[in-house]
Each structure stands twice: as structure tokens, then as C-alpha cells.
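With PDB, C-alpha atoms and all ligand atoms inside, this is structure_15.pdb:
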ATOM      1  CA  MET A   1       4.732 -20.358   2.107  1.00  0.00           C
ATOM      2  CA  SER A   2       4.577 -17.269  -0.154  1.00  0.00           C
ATOM      3  CA  THR A   3       4.773 -13.790   1.314  1.00  0.00           C
ATOM      4  CA  VAL A   4       2.845 -10.669   0.313  1.00  0.00           C
ATOM      5  CA  LEU A   5       4.392  -7.346   1.313  1.00  0.00           C
ATOM      6  CA  VAL A   6       1.767  -4.875   2.543  1.00  0.00           C
ATOM      7  CA  LEU A   7       3.536  -1.518   2.678  1.00  0.00           C
ATOM      8  CA  ASN A   8       2.111   1.595   4.281  1.00  0.00           C
ATOM      9  CA  GLY A   9       3.512   5.096   3.989  1.00  0.00           C
ATOM     10  CA  PRO A  10       3.619   8.148   6.224  1.00  0.00           C
ATOM     11  CA  ASN A  11       1.110   8.810   8.988  1.00  0.00           C
ATOM     12  CA  LEU A  12      -0.614   5.458   8.518  1.00  0.00           C
ATOM     13  CA  GLY A  13       0.979   4.379  11.808  1.00  0.00           C
ATOM     14  CA  ARG A  14      -1.568   6.703  13.379  1.00  0.00           C
ATOM     15  CA  LEU A  15      -4.551   4.845  11.945  1.00  0.00           C
ATOM     16  CA  GLY A  16      -7.200   4.507  14.598  1.00  0.00           C
ATOM     17  CA  SER A  17      -6.664   7.965  16.036  1.00  0.00           C
ATOM     18  CA  ARG A  18      -5.875   9.940  12.857  1.00  0.00           C
ATOM     19  CA  GLU A  19      -8.957  11.566  11.306  1.00  0.00           C
ATOM     20  CA  PRO A  20     -11.291   8.667  12.191  1.00  0.00           C
ATOM     21  CA  ASP A  21     -14.060  10.360  10.206  1.00  0.00           C
ATOM     22  CA  VAL A  22     -11.937   9.760   7.083  1.00  0.00           C
ATOM     23  CA  TYR A  23      -9.960   6.614   7.911  1.00  0.00           C
ATOM     24  CA  GLY A  24     -12.114   4.847  10.513  1.00  0.00           C
ATOM     25  CA  ALA A  25     -11.345   3.782  14.075  1.00  0.00           C
ATOM     26  CA  ALA A  26      -9.335   0.642  13.330  1.00  0.00           C
ATOM     27  CA  ASN A  27      -5.535   0.598  13.469  1.00  0.00           C
ATOM     28  CA  LEU A  28      -2.765  -1.236  11.597  1.00  0.00           C
ATOM     29  CA  ASP A  29      -2.917  -4.232  13.956  1.00  0.00           C
ATOM     30  CA  ASP A  30      -6.601  -4.540  13.070  1.00  0.00           C
ATOM     31  CA  LEU A  31      -5.691  -4.348   9.379  1.00  0.00           C
ATOM     32  CA  ARG A  32      -3.081  -7.081   9.820  1.00  0.00           C
ATOM     33  CA  ALA A  33      -5.694  -9.274  11.553  1.00  0.00           C
ATOM     34  CA  VAL A  34      -8.200  -8.718   8.714  1.00  0.00           C
ATOM     35  CA  LEU A  35      -5.608  -9.690   6.097  1.00  0.00           C
ATOM     36  CA  VAL A  36      -4.294 -12.720   7.991  1.00  0.00           C
ATOM     37  CA  ALA A  37      -7.884 -13.933   8.446  1.00  0.00           C
ATOM     38  CA  SER A  38      -8.696 -13.578   4.751  1.00  0.00           C
ATOM     39  CA  ALA A  39      -5.381 -14.834   3.327  1.00  0.00           C
ATOM     40  CA  ARG A  40      -5.401 -18.038   1.312  1.00  0.00           C
ATOM     41  CA  ASP A  41      -3.691 -21.086   2.811  1.00  0.00           C
ATOM     42  CA  GLY A  42       0.073 -20.822   2.540  1.00  0.00           C
ATOM     43  CA  VAL A  43       0.080 -17.008   2.223  1.00  0.00           C
ATOM     44  CA  ASN A  44       2.084 -15.047   4.776  1.00  0.00           C
ATOM     45  CA  ILE A  45       1.237 -11.363   5.361  1.00  0.00           C
ATOM     46  CA  ASP A  46       4.237  -9.094   5.981  1.00  0.00           C
ATOM     47  CA  LEU A  47       2.632  -5.745   6.872  1.00  0.00           C
ATOM     48  CA  ARG A  48       4.939  -2.780   7.470  1.00  0.00           C
ATOM     49  CA  GLN A  49       4.612   0.973   7.936  1.00  0.00           C
ATOM     50  CA  THR A  50       7.152   3.751   7.718  1.00  0.00           C
ATOM     51  CA  ASP A  51       7.205   7.524   7.620  1.00  0.00           C
ATOM     52  CA  ASP A  52      10.558   7.351   5.822  1.00  0.00           C
ATOM     53  CA  GLU A  53      10.614   7.515   2.014  1.00  0.00           C
ATOM     54  CA  ALA A  54      14.013   5.809   1.763  1.00  0.00           C
ATOM     55  CA  GLU A  55      12.880   2.895   3.895  1.00  0.00           C
ATOM     56  CA  LEU A  56       9.797   2.416   1.734  1.00  0.00           C
ATOM     57  CA  ILE A  57      11.978   2.461  -1.397  1.00  0.00           C
ATOM     58  CA  HIS A  58      14.325  -0.152   0.088  1.00  0.00           C
ATOM     59  CA  TRP A  59      11.368  -2.400   0.916  1.00  0.00           C
ATOM     60  CA  LEU A  60      10.364  -2.214  -2.763  1.00  0.00           C
ATOM     61  CA  TYR A  61      13.887  -3.330  -3.725  1.00  0.00           C
ATOM     62  CA  GLN A  62      13.431  -6.233  -1.317  1.00  0.00           C
ATOM     63  CA  ALA A  63      10.173  -7.146  -3.067  1.00  0.00           C
ATOM     64  CA  VAL A  64      12.063  -7.318  -6.375  1.00  0.00           C
ATOM     65  CA  ASP A  65      15.016  -9.261  -4.977  1.00  0.00           C
ATOM     66  CA  GLU A  66      12.838 -11.787  -3.129  1.00  0.00           C
ATOM     67  CA  ARG A  67      10.043 -11.814  -5.763  1.00  0.00           C
ATOM     68  CA  MET A  68       7.219 -10.780  -3.453  1.00  0.00           C
ATOM     69  CA  PRO A  69       3.925  -9.242  -4.662  1.00  0.00           C
ATOM     70  CA  VAL A  70       3.236  -5.813  -3.159  1.00  0.00           C
ATOM     71  CA  ILE A  71       0.163  -4.069  -1.817  1.00  0.00           C
ATOM     72  CA  LEU A  72       1.202  -0.434  -1.413  1.00  0.00           C
ATOM     73  CA  ASN A  73      -0.580   2.413   0.313  1.00  0.00           C
ATOM     74  CA  PRO A  74       1.878   5.222  -0.448  1.00  0.00           C
ATOM     75  CA  ALA A  75      -0.190   7.681   1.659  1.00  0.00           C
ATOM     76  CA  ALA A  76       0.872  11.280   0.969  1.00  0.00           C
ATOM     77  CA  PHE A  77       3.858  10.075  -1.109  1.00  0.00           C
ATOM     78  CA  THR A  78       1.212   9.038  -3.666  1.00  0.00           C
ATOM     79  CA  HIS A  79       0.815  12.604  -4.744  1.00  0.00           C
ATOM     80  CA  TYR A  80       4.404  13.745  -5.290  1.00  0.00           C
ATOM     81  CA  SER A  81       7.123  11.141  -4.787  1.00  0.00           C
ATOM     82  CA  TYR A  82       8.761  10.383  -8.123  1.00  0.00           C
ATOM     83  CA  ALA A  83      11.424   8.464  -6.201  1.00  0.00           C
ATOM     84  CA  LEU A  84       8.796   6.116  -4.815  1.00  0.00           C
ATOM     85  CA  ARG A  85       7.181   5.808  -8.232  1.00  0.00           C
ATOM     86  CA  ASP A  86      10.506   4.830  -9.817  1.00  0.00           C
ATOM     87  CA  ALA A  87      11.078   2.181  -7.130  1.00  0.00           C
ATOM     88  CA  ALA A  88       7.516   0.876  -7.546  1.00  0.00           C
ATOM     89  CA  ALA A  89       8.117   0.662 -11.301  1.00  0.00           C
ATOM     90  CA  LEU A  90      11.008  -1.722 -10.631  1.00  0.00           C
ATOM     91  CA  VAL A  91       8.486  -4.095  -9.052  1.00  0.00           C
ATOM     92  CA  THR A  92       6.046  -4.145 -11.962  1.00  0.00           C
ATOM     93  CA  LYS A  93       8.853  -4.162 -14.571  1.00  0.00           C
ATOM     94  CA  ALA A  94      10.135  -7.282 -12.805  1.00  0.00           C
ATOM     95  CA  GLY A  95       6.778  -8.896 -13.578  1.00  0.00           C
ATOM     96  CA  LEU A  96       5.500  -8.745 -10.013  1.00  0.00           C
ATOM     97  CA  PRO A  97       2.050  -7.349  -9.182  1.00  0.00           C
ATOM     98  CA  LEU A  98       1.909  -4.070  -7.265  1.00  0.00           C
ATOM     99  CA  ILE A  99      -1.530  -2.846  -6.264  1.00  0.00           C
ATOM    100  CA  GLU A 100      -1.867   0.765  -5.120  1.00  0.00           C
ATOM    101  CA  VAL A 101      -4.484   0.962  -2.383  1.00  0.00           C
ATOM    102  CA  HIS A 102      -6.139   3.761  -0.449  1.00  0.00           C
ATOM    103  CA  ILE A 103      -8.508   3.597   2.496  1.00  0.00           C
ATOM    104  CA  SER A 104     -10.298   6.780   1.487  1.00  0.00           C
ATOM    105  CA  ASN A 105     -11.220   7.844  -2.030  1.00  0.00           C
ATOM    106  CA  PRO A 106      -8.629  10.527  -2.829  1.00  0.00           C
ATOM    107  CA  HIS A 107     -10.675  11.673  -5.840  1.00  0.00           C
ATOM    108  CA  ALA A 108     -13.501  12.734  -3.542  1.00  0.00           C
ATOM    109  CA  ARG A 109     -11.143  14.836  -1.398  1.00  0.00           C
ATOM    110  CA  GLU A 110      -8.860  17.867  -1.826  1.00  0.00           C
ATOM    111  CA  THR A 111      -7.576  18.593  -5.342  1.00  0.00           C
ATOM    112  CA  PHE A 112      -3.951  17.775  -4.490  1.00  0.00           C
ATOM    113  CA  ARG A 113      -5.050  14.202  -3.734  1.00  0.00           C
ATOM    114  CA  HIS A 114      -6.505  13.733  -7.211  1.00  0.00           C
ATOM    115  CA  THR A 115      -3.046  13.173  -8.688  1.00  0.00           C
ATOM    116  CA  SER A 116      -1.191   9.909  -8.132  1.00  0.00           C
ATOM    117  CA  VAL A 117       2.325   9.647  -9.522  1.00  0.00           C
ATOM    118  CA  VAL A 118       2.241   5.910  -8.738  1.00  0.00           C
ATOM    119  CA  SER A 119      -0.948   4.784 -10.502  1.00  0.00           C
ATOM    120  CA  ALA A 120       0.487   4.754 -14.030  1.00  0.00           C
ATOM    121  CA  ILE A 121       3.089   2.127 -13.130  1.00  0.00           C
ATOM    122  CA  ALA A 122       0.866   0.108 -10.755  1.00  0.00           C
ATOM    123  CA  THR A 123      -0.761  -3.140 -11.817  1.00  0.00           C
ATOM    124  CA  GLY A 124      -4.042  -1.775 -10.487  1.00  0.00           C
ATOM    125  CA  VAL A 125      -5.548   0.723  -8.061  1.00  0.00           C
ATOM    126  CA  ILE A 126      -8.228   0.153  -5.413  1.00  0.00           C
ATOM    127  CA  ALA A 127      -9.445   3.148  -3.399  1.00  0.00           C
ATOM    128  CA  GLY A 128     -12.241   4.248  -1.146  1.00  0.00           C
ATOM    129  CA  LEU A 129     -13.249   0.874   0.290  1.00  0.00           C
ATOM    130  CA  GLY A 130     -11.612   1.119   3.707  1.00  0.00           C
ATOM    131  CA  PHE A 131      -9.686  -2.032   4.660  1.00  0.00           C
ATOM    132  CA  ASP A 132     -11.553  -3.857   1.875  1.00  0.00           C
ATOM    133  CA  SER A 133      -9.221  -2.049  -0.550  1.00  0.00           C
ATOM    134  CA  TYR A 134      -6.368  -4.140   0.900  1.00  0.00           C
ATOM    135  CA  ARG A 135      -8.457  -7.316   1.187  1.00  0.00           C
ATOM    136  CA  LEU A 136      -9.456  -7.201  -2.475  1.00  0.00           C
ATOM    137  CA  ALA A 137      -5.863  -6.466  -3.487  1.00  0.00           C
ATOM    138  CA  LEU A 138      -4.715  -9.483  -1.454  1.00  0.00           C
ATOM    139  CA  ASP A 139      -7.279 -11.670  -3.177  1.00  0.00           C
ATOM    140  CA  PHE A 140      -5.996 -10.498  -6.568  1.00  0.00           C
ATOM    141  CA  VAL A 141      -2.256 -10.918  -5.939  1.00  0.00           C
ATOM    142  CA  THR A 142      -2.699 -14.400  -4.434  1.00  0.00           C
ATOM    143  CA  GLN A 143      -5.212 -15.814  -6.898  1.00  0.00           C
ATOM    144  CA  PRO A 144      -4.247 -19.314  -8.012  1.00  0.00           C
TER     145      PRO A 144
HETATM  146  C1  LIG B 201      -4.470   7.700   1.772  1.00  0.00           C
HETATM  147  C2  LIG B 201      -4.917   8.933   0.999  1.00  0.00           C
HETATM  148  C3  LIG B 201      -3.787   9.953   0.911  1.00  0.00           C
HETATM  149  O1  LIG B 201      -4.229  11.114   0.213  1.00  0.00           O
HETATM  150  C4  LIG B 201      -3.365  10.373   2.296  1.00  0.00           C
HETATM  151  O2  LIG B 201      -2.247  11.246   2.217  1.00  0.00           O
HETATM  152  C5  LIG B 201      -3.092   9.241   3.216  1.00  0.00           C
HETATM  153  C6  LIG B 201      -3.936   8.059   3.150  1.00  0.00           C
HETATM  154  C7  LIG B 201      -5.619   6.704   1.989  1.00  0.00           C
HETATM  155  O3  LIG B 201      -5.331   5.542   2.319  1.00  0.00           O
HETATM  156  O4  LIG B 201      -6.797   7.058   1.859  1.00  0.00           O
HETATM  157  O5  LIG B 201      -2.228   9.322   4.075  1.00  0.00           O
HETATM  158  O6  LIG B 201      -3.457   7.032   1.031  1.00  0.00           O
END
Mind turning this structure into C-alpha cells?
Amino acid sequence: MSTVLVLNGPNLGRLGSREPDVYGAANLDDLRAVLVASARDGVNIDLRQTDDEAELIHWLYQAVDERMPVILNPAAFTHYSYALRDAAALVTKAGLPLIEVHISNPHARETFRHTSVVSAIATGVIAGLGFDSYRLALDFVTQP
């Protein structure tokens, strides 16, 4: 059984009730169910959420140490956290895929969301497709 880490940053614990016009009405349990249902045989989904930058960074260390691919929605940290970027770079420098995902399309929103400090070190970026952003990332990181 291989495990994919699906990491979600600040305020994503409020999915379902937070700005449903932007993020939809489904919550993180719904997201987990979507990913479990679409995962290839033998793929375990480890979906986590934190509002704490340090915790997110330590989960990225865990991905490196245990050689787990990462699907990362850095949420607002996307736009300014060099600490998170440096930790995410450890994942891709270790030869592991890290896909940056967003539910909304940040480029179609406020100007401060147009910058991602993570994208340049990510394996790839998928944004604006709702939960399909994660589903497509899962398909990519688990392709045979
Ligand atoms: C987000 C977009 C970010 O700009 C925002 O801060 C989030 C969610 C998204 O999934 O669309 O919290 O990452």
C-alpha cells in the first residue's frame, strides 16, 4: 500500500461553510471521500488540514522521510510563506512529486492571490477546478 499525503492549509477546515460561492458547499470529509473513491488500487489517501504553518512544514518533512508524494493546497500560505516554499522544495529536490492545487482559480481573484511563492518549486500546479484539482493531481502522482 502506498500513501499519498493530501495537505491543506489555513481555513480549509471551514470548507463547506466558508465562502461557498467561491469554494462550494462540500467539506473536507467530502473531499476525502472523492479521493478515496477515485484512488487506484493499493493507494491510501492521508488527507490532513492545519491552520499552523509549522505543522504543515513538519508534514512535508515527513513526506521526505517516508517518501510520500504530496498534493498540497497551501491556501493563503501560497502567497507569502517562504518557509513553506523551502519545505516544499525539500520534497521535490528529494525526487518526490508535489502538486500545488487550488479549488478556486487564484488568478481570477484579488491581485494578492496572483503570486504563488510555491509554484516555482512544485512539480505542477492545478487550479480552478474545484475538487477535480485534487483528483487530477492524485491521478498524476499515482500513475503506474
Ligand atoms: C485557495 C486559494 C487561496 O488564495 C486562498 O487563500 C485559500 C484557498 C484555493 O484552494 O482556491 O485559502 O488555495
Please determine, counting only C-alpha atoms and all ligand atoms, which residue among A:Val117, A:Leu96, A:Leu60, A:Val141 has the shortest atom-to-atom distance to ligand LIG 201 (chain B). A:Val117
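Neighbours of ligand LIG 201 (chain B) at a cut-off of 6 Å, computed so that all atoms listed in the file are counted, are the residues Asn11, Asn73, Pro74, Ala75, Ala76, His102, Ile103, Ser104, Asn105, Pro106 and Arg113 of chain A.
Counting all atoms listed in the file, Val118 of chain A has the following residues at most 8 Å away, ignoring those fewer than 2 positions along the same chain: A:Thr78, A:His79, A:Tyr82, A:Leu84, A:Arg85, A:Ala88, A:Glu100, A:Ser116, A:Ala120, A:Ile121, A:Ala122.
Distances to Asp51 of chain A were evaluated for A:Ala37, A:Leu31, A:Ala127, A:Leu7 using only C-alpha atoms, and the minimum falls at A:Leu7.
In this comparison, which uses all atoms listed in the file, the residue of A:Asp46, A:Glu66, A:Glu53, A:Glu110 approaching Ala87 of chain A most closely is A:Glu53.
Distances to Leu15 of chain A were evaluated for A:Val70, A:Gly130, A:Ser2, A:Gly124 using all atoms listed in the file, and the minimum falls at A:Gly130.
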Need the shell around Gly13 of chain A: protein/DNA/RNA residues with any atom at most 10 Å away, counting only C-alpha atoms. Skip same-chain ones fewer than 4 positions apart. Format as a list in words? Asn8, Gly9, Ser17, Arg18, Asn27, Leu28, Asp29, Arg48, Gln49, Thr50 and Asp51 of chain A
